[in-house]
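Below is input.txt, holding compact mmCIF, C-alpha atoms.
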# COMPACT_ATOMS: atom_id res chain seq x y z
CA MET O 1 9.77 14.41 -25.85
CA ARG O 2 8.47 11.86 -28.34
CA ARG O 3 11.94 10.28 -28.45
CA LEU O 4 11.96 10.04 -24.66
CA PHE O 5 8.65 8.17 -24.54
CA ARG O 6 9.87 5.76 -27.20
CA HIS O 7 13.14 5.03 -25.37
CA GLU O 8 13.81 1.35 -24.67
CA LEU O 9 14.56 2.11 -21.01
CA LEU O 10 11.12 3.66 -20.52
CA ARG O 11 9.41 0.69 -22.14
CA ARG O 12 11.30 -1.81 -20.02
CA SER O 13 10.76 0.21 -16.84
CA ALA O 14 7.01 0.23 -17.52
CA LEU O 15 6.92 -3.54 -18.00
CA PHE O 16 9.04 -4.30 -14.94
CA SER O 17 6.90 -1.90 -12.88
CA LEU O 18 3.97 -4.34 -13.06
CA SER O 19 5.47 -6.39 -10.25
CA ILE O 20 6.53 -3.40 -8.21
CA VAL O 21 3.24 -1.47 -8.40
CA ALA O 22 1.15 -4.48 -7.46
CA SER O 23 3.47 -5.47 -4.59
CA THR O 24 3.61 -1.91 -3.26
CA VAL O 25 -0.15 -1.41 -3.33
CA VAL O 26 -0.76 -4.62 -1.40
CA GLY O 27 2.11 -3.87 0.98
CA VAL O 28 0.83 -0.39 1.78
CA PHE O 29 -2.71 -1.68 2.29
CA SER O 30 -1.41 -4.40 4.62
CA LEU O 31 0.05 -1.93 7.15
CA PRO O 32 -3.20 -0.62 8.68
CA VAL O 33 -4.81 -4.06 8.51
CA LEU O 34 -1.94 -5.74 10.35
CA ILE O 35 -1.54 -2.98 12.93
CA ALA O 36 -5.27 -2.98 13.65
CA ALA O 37 -5.35 -6.78 13.93
CA ILE O 38 -2.22 -7.54 15.97
CA GLY O 39 -1.22 -4.14 17.41
CA ALA O 40 1.74 -1.86 16.78
CA THR O 41 4.05 -3.79 19.13
CA GLN O 42 3.65 -7.19 17.46
CA TRP O 43 3.74 -5.52 14.06
CA GLY O 44 7.13 -4.13 15.15
CA HIS O 45 8.18 -7.70 15.99
CA LEU O 46 7.14 -8.75 12.48
CA VAL O 47 9.28 -5.97 10.99
CA VAL O 48 12.28 -7.13 13.04
CA MET O 49 11.77 -10.74 11.87
CA GLN O 50 11.50 -9.45 8.30
CA ALA O 51 14.82 -7.65 8.69
CA VAL O 52 16.54 -10.80 9.98
CA THR O 53 15.07 -13.22 7.44
CA GLN O 54 15.50 -10.86 4.50
CA PHE O 55 19.16 -10.57 5.43
CA ALA O 56 19.28 -14.37 5.43
CA SER O 57 17.67 -14.29 1.98
CA VAL O 58 20.49 -12.08 0.70
CA VAL O 59 23.09 -14.48 2.11
CA ILE O 60 21.30 -17.36 0.39
CA ALA O 61 21.14 -15.45 -2.92
CA PHE O 62 24.96 -15.12 -2.74
CA GLY O 63 25.22 -12.15 -5.05
CA TRP O 64 23.14 -13.40 -7.95
CA GLY O 65 20.46 -10.81 -7.21
CA ALA O 66 23.03 -8.04 -7.78
CA THR O 67 25.33 -9.29 -10.53
CA GLY O 68 23.11 -12.01 -11.99
CA PRO O 69 21.02 -9.80 -14.34
CA SER O 70 24.05 -8.27 -16.05
CA MET O 71 25.90 -11.60 -16.17
CA VAL O 72 23.04 -13.62 -17.67
CA SER O 73 22.21 -10.80 -20.09
CA ALA O 74 25.75 -10.96 -21.49
CA LEU O 75 25.68 -14.76 -21.98
CA ALA O 76 24.70 -16.56 -25.15
CA ALA O 77 21.15 -17.89 -24.83
CA SER O 78 22.37 -21.50 -24.94
CA GLU O 79 24.50 -20.98 -21.80
CA ARG O 80 21.93 -19.30 -19.56
CA LYS O 81 20.23 -22.33 -18.03
CA THR O 82 23.57 -23.78 -16.95
CA MET O 83 24.24 -20.64 -14.95
CA PHE O 84 20.83 -20.85 -13.28
CA THR O 85 21.27 -24.55 -12.42
CA GLN O 86 24.63 -23.92 -10.80
CA SER O 87 23.24 -21.02 -8.80
CA LEU O 88 20.28 -23.07 -7.59
CA GLN O 89 22.52 -25.82 -6.24
CA VAL O 90 24.71 -23.37 -4.33
CA ARG O 91 21.76 -21.40 -3.01
CA GLY O 92 19.93 -24.56 -1.89
CA VAL O 93 22.81 -25.50 0.40
CA LEU O 94 23.03 -21.96 1.78
CA PHE O 95 19.29 -22.04 2.49
CA LEU O 96 19.70 -25.08 4.76
CA VAL O 97 22.67 -23.48 6.55
CA ALA O 98 20.90 -20.15 7.13
CA LEU O 99 17.60 -21.59 8.37
CA PRO O 100 18.49 -22.48 12.01
CA LEU O 101 20.61 -19.35 12.50
CA ALA O 102 17.95 -16.92 11.28
CA VAL O 103 15.12 -18.62 13.15
CA SER O 104 17.09 -18.57 16.42
CA LEU O 105 17.89 -14.87 16.02
CA CYS O 106 14.23 -14.03 15.36
CA ILE O 107 13.19 -15.75 18.57
CA LEU O 108 15.99 -14.12 20.59
CA LEU O 109 15.27 -10.57 19.42
CA THR O 110 11.47 -10.58 19.48
CA GLY O 111 10.37 -13.33 21.84
CA GLU O 112 8.02 -14.67 19.16
CA SER O 113 7.24 -18.41 18.95
CA LEU O 114 9.28 -20.98 17.05
CA THR O 115 6.34 -21.44 14.69
CA ASN O 116 6.20 -17.73 13.80
CA ALA O 117 9.97 -17.57 13.35
CA LEU O 118 9.96 -20.59 11.01
CA LEU O 119 7.06 -19.23 9.00
CA ALA O 120 8.75 -15.82 8.75
CA PHE O 121 11.90 -17.49 7.44
CA CYS O 122 9.92 -19.39 4.81
CA THR O 123 8.02 -16.23 3.81
CA TYR O 124 11.03 -13.98 3.36
CA GLY O 125 14.02 -16.35 3.23
CA LEU O 126 12.75 -18.20 0.16
CA GLY O 127 13.44 -15.02 -1.79
CA GLY O 128 17.07 -16.12 -1.83
CA LEU O 129 16.09 -19.00 -4.13
CA SER O 130 14.12 -16.72 -6.45
CA ALA O 131 14.60 -16.63 -10.22
CA ALA O 132 13.84 -12.88 -10.31
CA TRP O 133 17.40 -11.94 -11.31
CA TYR O 134 17.21 -14.40 -14.21
CA PHE O 135 13.93 -12.94 -15.46
CA ILE O 136 15.38 -9.42 -15.24
CA GLY O 137 18.56 -10.30 -17.10
CA THR O 138 16.70 -12.18 -19.86
CA ASN O 139 14.11 -9.38 -20.20
CA ARG O 140 11.07 -11.40 -19.12
CA PRO O 141 8.95 -8.96 -17.12
CA ILE O 142 5.73 -10.97 -17.56
CA ALA O 143 7.36 -14.07 -16.09
CA LEU O 144 8.76 -11.90 -13.29
CA PHE O 145 5.28 -10.68 -12.47
CA SER O 146 3.29 -13.90 -12.83
CA LEU O 147 5.76 -16.34 -11.27
CA ASP O 148 7.78 -14.25 -8.81
CA ALA O 149 5.59 -11.35 -7.69
CA LEU O 150 2.02 -12.62 -8.08
CA PRO O 151 2.27 -15.62 -5.69
CA VAL O 152 3.70 -13.31 -3.00
CA ILE O 153 0.92 -10.78 -3.59
CA VAL O 154 -1.80 -13.44 -3.42
CA GLY O 155 -0.21 -14.83 -0.24
CA GLN O 156 -0.32 -11.38 1.35
CA VAL O 157 -3.97 -10.87 0.42
CA VAL O 158 -5.00 -14.28 1.75
CA GLY O 159 -2.89 -13.66 4.86
CA LEU O 160 -4.58 -10.32 5.49
CA LEU O 161 -7.99 -11.95 5.24
CA ALA O 162 -6.86 -14.63 7.69
CA VAL O 163 -5.38 -12.20 10.22
CA THR O 164 -8.49 -10.01 10.06
CA VAL O 165 -10.66 -12.97 11.03
CA MET O 166 -8.32 -14.74 13.48
CA ARG O 167 -6.40 -11.73 14.91
CA ASP O 168 -3.29 -13.92 14.98
CA LEU O 169 0.12 -13.28 13.40
CA THR O 170 0.61 -17.02 12.83
CA ALA O 171 -2.39 -17.12 10.49
CA TYR O 172 -0.89 -14.34 8.36
CA LEU O 173 2.57 -15.89 8.20
CA ALA O 174 1.23 -19.37 7.37
CA CYS O 175 -0.53 -18.02 4.28
CA THR O 176 2.41 -15.94 3.10
CA ALA O 177 4.83 -18.85 3.60
CA VAL O 178 2.75 -21.28 1.52
CA PHE O 179 2.46 -18.90 -1.43
CA ALA O 180 6.15 -17.96 -1.24
CA LEU O 181 6.97 -21.66 -1.64
CA VAL O 182 4.57 -21.94 -4.59
CA GLY O 183 6.16 -18.97 -6.36
CA THR O 184 9.74 -20.13 -5.85
CA THR O 185 8.93 -23.61 -7.14
CA ALA O 186 6.98 -22.34 -10.16
CA SER O 187 9.79 -19.94 -11.14
CA ALA O 188 12.42 -22.69 -11.04
CA ILE O 189 10.24 -25.02 -13.13
CA TYR O 190 9.66 -22.28 -15.70
CA VAL O 191 13.38 -21.57 -16.13
CA MET O 192 14.33 -25.24 -16.33
CA THR O 193 11.77 -25.92 -19.06
CA ARG O 194 12.86 -23.10 -21.43
CA LYS O 195 14.45 -24.97 -24.34
CA GLN O 196 15.76 -21.77 -25.93
CA ASP O 197 17.98 -21.14 -22.87
CA GLY O 198 20.11 -24.22 -23.44
CA SER O 199 20.23 -27.45 -21.50
CA ALA O 200 21.40 -28.20 -17.99
CA SER O 201 21.37 -31.10 -15.61
CA PHE O 202 21.77 -31.47 -11.86
CA ARG O 203 23.72 -34.66 -12.39
CA GLY O 204 27.45 -34.39 -12.01
CA GLY O 205 27.24 -31.58 -9.51
CA THR O 206 28.56 -28.06 -9.61
CA LYS O 207 32.22 -27.03 -9.50
CA TRP O 208 31.87 -24.87 -6.41
CA GLY O 209 35.28 -23.19 -6.58
CA PRO O 210 34.81 -21.33 -9.89
CA VAL O 211 31.17 -20.52 -9.11
CA LEU O 212 31.94 -19.10 -5.68
CA ARG O 213 34.88 -17.10 -7.00
CA SER O 214 32.78 -15.64 -9.81
CA GLN O 215 30.15 -14.53 -7.30
CA SER O 216 32.45 -13.37 -4.52
CA ALA O 217 32.28 -9.67 -5.35
CA GLY O 218 28.53 -9.69 -5.81
CA ALA O 219 28.01 -11.73 -2.65
CA LEU O 220 30.23 -9.49 -0.54
CA SER O 221 28.50 -6.38 -1.82
CA THR O 222 24.94 -7.63 -1.34
CA VAL O 223 25.57 -9.25 2.05
CA SER O 224 27.32 -6.12 3.31
CA ALA O 225 24.58 -3.89 1.94
CA SER O 226 21.91 -6.10 3.49
CA MET O 227 23.71 -6.06 6.84
CA TRP O 228 23.55 -2.30 6.69
CA THR O 229 19.89 -2.30 5.58
CA SER O 230 18.83 -4.68 8.34
CA ALA O 231 21.01 -3.22 11.09
CA PRO O 232 19.03 -0.05 11.90
CA THR O 233 15.84 -1.98 12.70
CA VAL O 234 17.70 -4.52 14.81
CA LEU O 235 19.70 -1.81 16.64
CA VAL O 236 16.59 0.25 17.38
CA GLN O 237 14.93 -2.90 18.75
CA ALA O 238 18.00 -3.54 20.93
CA PHE O 239 18.73 0.02 22.18
CA ALA O 240 15.48 1.99 21.83
CA PRO O 241 12.62 -0.54 21.67
CA SER O 242 9.93 2.06 22.36
CA ALA O 243 10.86 3.76 19.07
CA VAL O 244 10.48 0.60 16.96
CA PRO O 245 6.93 1.26 15.66
CA VAL O 246 7.76 4.78 14.37
CA PHE O 247 11.14 3.75 12.98
CA ALA O 248 9.56 0.69 11.38
CA MET O 249 7.07 3.00 9.68
CA VAL O 250 9.68 5.41 8.27
CA ASP O 251 11.86 2.46 7.28
CA ARG O 252 8.90 0.84 5.53
CA LEU O 253 8.07 4.05 3.64
CA MET O 254 11.69 4.37 2.50
CA LYS O 255 11.64 0.75 1.33
CA TYR O 256 8.47 1.40 -0.65
CA GLY O 257 10.33 4.26 -2.27
CA VAL O 258 13.19 1.90 -3.17
CA LEU O 259 10.59 -0.49 -4.59
CA ALA O 260 9.36 2.32 -6.82
CA LEU O 261 12.96 2.69 -8.02
CA ALA O 262 13.25 -1.03 -8.76
CA PRO O 263 11.68 -1.00 -12.26
CA VAL O 264 14.17 1.66 -13.33
CA LEU O 265 17.08 -0.26 -11.78
CA GLN O 266 15.94 -3.54 -13.35
CA ALA O 267 15.62 -1.92 -16.76
CA VAL O 268 19.03 -0.23 -16.53
CA GLN O 269 20.76 -3.44 -15.34
CA GLY O 270 19.82 -5.26 -18.51
CA TRP O 271 20.03 -2.25 -20.86
CA VAL O 272 23.53 -0.97 -20.03
CA PRO O 273 25.60 -4.05 -21.03
CA GLU O 274 23.44 -5.68 -23.69
CA SER O 275 24.62 -3.66 -26.74
CA GLY O 276 28.30 -4.39 -26.23
CA ARG O 277 31.44 -2.55 -25.17
CA GLU O 278 31.03 0.29 -27.65
CA SER O 279 28.06 1.89 -25.90
CA VAL O 280 28.31 0.61 -22.31
CA ALA O 281 30.08 3.74 -21.02
CA ALA O 282 27.54 6.16 -22.46
CA ARG O 283 24.67 4.03 -21.21
CA ALA O 284 26.16 3.82 -17.70
CA VAL O 285 26.34 7.64 -17.53
CA THR O 286 22.77 7.90 -18.80
CA GLY O 287 21.76 5.56 -16.01
CA LEU O 288 23.26 7.98 -13.46
CA LYS O 289 21.24 10.87 -14.87
CA VAL O 290 18.04 8.82 -14.70
CA ALA O 291 18.82 7.81 -11.11
CA ALA O 292 19.44 11.41 -10.05
CA GLY O 293 16.11 12.54 -11.48
CA VAL O 294 14.19 9.68 -9.90
CA GLY O 295 15.99 10.22 -6.59
CA VAL O 296 15.11 13.91 -6.35
CA LEU O 297 11.49 13.26 -7.28
CA GLY O 298 11.16 10.38 -4.85
CA GLY O 299 12.96 12.21 -2.03
CA VAL O 300 10.69 15.24 -2.24
CA THR O 301 7.62 13.01 -2.34
CA LEU O 302 8.80 11.04 0.69
CA ALA O 303 9.58 14.20 2.67
CA CYS O 304 6.17 15.74 1.95
CA LEU O 305 3.97 12.69 2.41
CA SER O 306 5.57 10.58 5.15
CA THR O 307 3.79 12.31 8.05
CA PRO O 308 0.20 12.26 6.73
CA VAL O 309 0.59 8.82 5.14
CA SER O 310 2.08 7.28 8.28
CA ALA O 311 -0.78 8.72 10.37
CA LEU O 312 -3.25 7.09 8.01
CA LEU O 313 -1.51 3.74 7.65
CA SER O 314 -0.76 3.26 11.34
CA VAL O 315 -4.18 4.42 12.51
CA GLY O 316 -2.36 7.15 14.46
CA GLN O 317 -0.12 4.68 16.35
CA ALA O 318 3.19 5.31 14.52
CA VAL O 319 3.25 8.83 13.03
CA VAL O 320 6.53 10.01 11.42
CA PRO O 321 7.45 13.59 12.50
CA TRP O 322 7.95 16.15 9.70
CA SER O 323 11.60 16.75 10.57
CA LEU O 324 12.33 13.02 10.41
CA ALA O 325 10.50 12.81 7.07
CA VAL O 326 12.81 15.44 5.55
CA ILE O 327 15.93 13.52 6.64
CA ALA O 328 14.46 10.33 5.21
CA GLY O 329 13.68 12.06 1.90
CA VAL O 330 17.25 13.26 1.45
CA ALA O 331 18.57 9.81 2.36
CA PHE O 332 16.30 8.24 -0.22
CA ALA O 333 17.59 10.52 -3.00
CA PHE O 334 21.19 9.48 -2.32
CA GLU O 335 20.15 5.82 -1.99
CA CYS O 336 18.67 5.90 -5.51
CA LEU O 337 21.89 7.24 -6.96
CA ALA O 338 24.03 4.76 -5.01
CA GLN O 339 22.00 1.74 -6.11
CA VAL O 340 21.92 2.52 -9.82
CA ALA O 341 25.58 3.58 -9.87
CA GLY O 342 26.62 0.37 -8.14
CA LEU O 343 24.37 -2.36 -9.49
CA SER O 344 24.19 -1.19 -13.10
CA GLY O 345 27.12 1.17 -13.78
CA LEU O 346 29.95 -0.44 -11.82
CA VAL O 347 28.97 -4.03 -12.64
CA ALA O 348 28.73 -3.30 -16.37
CA LEU O 349 31.99 -1.32 -16.44
CA GLY O 350 34.02 -3.95 -14.61
CA GLY O 351 33.95 -2.22 -11.24
CA ALA O 352 32.58 -5.13 -9.18
CA ARG O 353 35.52 -4.72 -6.80
CA GLU O 354 34.56 -1.12 -6.03
CA LEU O 355 30.94 -2.20 -5.59
CA ALA O 356 31.99 -4.80 -3.05
CA ALA O 357 34.44 -2.46 -1.29
CA SER O 358 31.84 0.28 -0.87
CA SER O 359 29.22 -2.15 0.42
CA ILE O 360 31.64 -3.70 2.91
CA ALA O 361 32.69 -0.25 4.11
CA SER O 362 29.05 0.76 4.59
CA ALA O 363 28.57 -2.20 6.91
CA LEU O 364 31.87 -1.95 8.78
CA VAL O 365 31.58 1.81 9.35
CA GLY O 366 27.85 2.30 9.19
CA ILE O 367 26.73 -0.27 11.74
CA PRO O 368 28.93 1.05 14.61
CA LEU O 369 28.01 4.60 13.57
CA ILE O 370 24.30 3.96 13.71
CA ALA O 371 24.63 2.08 17.02
CA ALA O 372 26.30 5.14 18.54
CA LEU O 373 23.74 7.50 17.01
CA VAL O 374 20.80 5.42 18.27
CA LEU O 375 22.27 5.42 21.77
CA TRP O 376 22.78 9.20 21.55
CA LEU O 377 19.76 10.42 19.59
CA GLY O 378 17.39 7.46 19.57
CA LEU O 379 14.99 7.45 16.64
CA TYR O 380 16.62 10.43 14.89
CA GLY O 381 20.05 8.84 15.21
CA ALA O 382 18.93 5.81 13.20
CA VAL O 383 17.67 7.88 10.26
CA LEU O 384 20.67 10.25 10.35
CA GLY O 385 22.96 7.23 10.18
CA ILE O 386 21.11 5.99 7.09
CA LEU O 387 21.56 9.43 5.47
CA VAL O 388 25.32 9.57 6.14
CA VAL O 389 25.93 6.11 4.69
CA ALA O 390 23.70 6.65 1.62
CA MET O 391 25.45 9.93 0.83
CA SER O 392 28.91 8.39 1.17
CA LEU O 393 28.00 5.42 -1.03
CA ALA O 394 26.53 7.64 -3.74
CA VAL O 395 29.59 9.92 -3.93
CA TYR O 396 32.04 7.01 -4.03
CA ARG O 397 30.18 4.94 -6.61
CA VAL O 398 29.34 7.82 -8.94
CA ALA O 399 32.99 8.89 -8.94
CA TYR O 400 34.11 5.43 -10.01
CA VAL O 401 31.41 5.09 -12.67
CA VAL O 402 32.55 8.37 -14.21
CA ARG O 403 36.19 7.27 -14.02
CA TYR O 404 35.58 3.88 -15.65
CA ALA O 405 33.30 5.42 -18.28
CA ALA O 406 36.10 7.83 -19.26
CA ARG O 407 38.46 4.89 -19.78
CA TYR O 408 35.98 3.25 -22.13
CA GLY O 409 35.79 6.46 -24.10
Serialized structure, structure tokens:
Amino acid sequence: MRRLFRHELLRRSALFSLSIVASTVVGVFSLPVLIAAIGATQWGHLVVMQAVTQFASVVIAFGWGATGPSMVSALAASERKTMFTQSLQVRGVLFLVALPLAVSLCILLTGESLTNALLAFCTYGLGGLSAAWYFIGTNRPIALFSLDALPVIVGQVVGLLAVTVMRDLTAYLACTAVFALVGTTASAIYVMTRKQDGSASFRGGTKWGPVLRSQSAGALSTVSASMWTSAPTVLVQAFAPSAVPVFAMVDRLMKYGVLALAPVLQAVQGWVPESGRESVAARAVTGLKVAAGVGVLGGVTLACLSTPVSALLSVGQAVVPWSLAVIAGVAFAFECLAQVAGLSGLVALGGARELAASSIASALVGIPLIAALVLWLGLYGAVLGILVVAMSLAVYRVAYVVRYAARYG
């Protein structure tokens, strides 16, 4: 037991959890405040705009959020800033391309104003330019908290105060957008001023071909996974709009569960590859065991608490039924295993192709599946679709992690 508490993974998970705990607490507290201020219907619109703009953020990030931590961790310190500079140039162009498309889709799906759609894109889309993956890969949890998470948290708090007084979604989004911009800018400045991470310059440009090829697997996997993550909310809005508030609540609770997993995932991503080829296989398998334990614990918690917590957070306007909570809990357990197996195990063991293939398959098969299930079963169809895809991803990825680990042995 003493050895367990002294384990490097536990220490790193605790440090990285600073950002997650603070973000989750503020996010949970924001639900009843927002619903009481703007109503369950407009809150549902906000959730739909979040889904669209967060998908745009993943497109902008172009895979660095998934493969970046392991890649930068494996580099010599003197080469790290060059990698970040190249990524920032590519992601800046993608940000400008994604902006009009995401804003237009927000307006089309929800009927919200151009102002709200633009502010939503700035609030959530700027995450694609984040340096979070760099902080994770270079083991800088304090920088991750103070420069990446804290500005977002402060923006949410200020936004909640504003929406409580003004009863207007625009007031909330304006505050969150300003602080998101502050955080993204501060993170980039911090990275670019670290002398120990080498030198880099924007002059001379970036050789796009090699950079894009190196990120293709990570980009395909994250974009596909994000398509799948965003699709249920968008499909429920399109085919069963009356169910959006309840589905948005169960979806939000599941995402908070994934947030709770994030410190473990972040710690494992940097820990698995950093000691070299000799121990990467054993560490990847250890990561699977940790993920399974966290998944079971989180799934049971989600199944037991979703109904009473949703009643409290939504002020009785979007209560998750017990039966739906159980399905969501099982889906969460498989999601934990799938994420750790893919983003830490497969990436570290050279299985980026399998990561990308499984993510693409989840989108290509999962989106039509969930559309059919929503049309057939409504709210329950959406959550059952999430369960089927999470289970399939977990089985596929774990099998390949075990196979690649055996080769290393």
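Each of O:Ala292, O:Leu379, O:Ala77, O:Leu387 was checked against Pro241 (chain O) using all atoms listed in the file; the smallest atom-to-atom distance is that of O:Leu379.
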Atom-to-atom span, CA of Leu150 (chain O) and CA of Gly257 (chain O), Å
19.7 Å
Considering all atoms listed in the file, state which residue in the set O:Ala117, O:Gly345, O:Ala143, O:Leu160 is at the smallest distance from Ile189 (chain O).
O:Ala143
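The spacing separating CA of Lys81 (chain O) from CA of Gln196 (chain O) amounts to 9.1 Å.
Atom to atom, CA of Gly316 (chain O) and CA of Val300 (chain O) stand 22.7 Å apart.
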Please report as JSON lines every residue of region 32-144 of chain O lying within 12 Å of region 356-363 of chain O, along with the nearest atom pair and their distance in Å (one decimal), using only C-alpha atoms.
{"residue": "O:Gly63", "atom": "CA", "partner": "O:Ala356", "partner_atom": "CA", "distance": 10.2}
{"residue": "O:Ala66", "atom": "CA", "partner": "O:Ala356", "partner_atom": "CA", "distance": 10.6}
{"residue": "O:Thr67", "atom": "CA", "partner": "O:Ala356", "partner_atom": "CA", "distance": 11.0}
Surrounding residues of Phe121 (chain O) excluding itself and chain neighbours under 5 positions, 9 Å, only C-alpha atoms, as an NGL selection string
:O and (49-50 or 52-54 or 56-57 or 99 or 102-103 or 106 or 116 or 126 or 177)
Set the distance at 7 Å and use only C-alpha atoms: which residues neighbour Leu129 (chain O) once local chain neighbours fewer than 2 positions away are removed? I'd like the list as a ChimeraX atom specification.
/O:61,88,91,126-127,131,184
Keeping C-alpha atoms, export the residues of the selection given above as an mmCIF file, in the coordinates of the input.
data_model
loop_
_atom_site.group_PDB
_atom_site.id
_atom_site.type_symbol
_atom_site.label_atom_id
_atom_site.label_comp_id
_atom_site.auth_asym_id
_atom_site.auth_seq_id
_atom_site.Cartn_x
_atom_site.Cartn_y
_atom_site.Cartn_z
ATOM 1 C CA ALA O 61 21.140 -15.450 -2.920
ATOM 2 C CA LEU O 88 20.280 -23.070 -7.590
ATOM 3 C CA ARG O 91 21.760 -21.400 -3.010
ATOM 4 C CA LEU O 126 12.750 -18.200 0.160
ATOM 5 C CA GLY O 127 13.440 -15.020 -1.790
ATOM 6 C CA ALA O 131 14.600 -16.630 -10.220
ATOM 7 C CA THR O 184 9.740 -20.130 -5.850
#
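In terms of minimum interatomic distance to Ala406 (chain O), O:Ala281 ranks closest within O:Leu355, O:Ala281, O:Cys122, O:Val90, counting only C-alpha atoms.
Remark: for Ile107 (chain O), the closest of the candidate residues O:Ile386, O:Ala120, O:Gly287, O:Val395 is O:Ala120 (distances computed over only C-alpha atoms).
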Might you pull out every residue within 9 Å of Phe84 (chain O), with only C-alpha atoms counted and same-chain residues fewer than 6 positions away left off, and present them as an NGL selection string?
:O and (72 or 131 or 134 or 188 or 191-192 or 200)
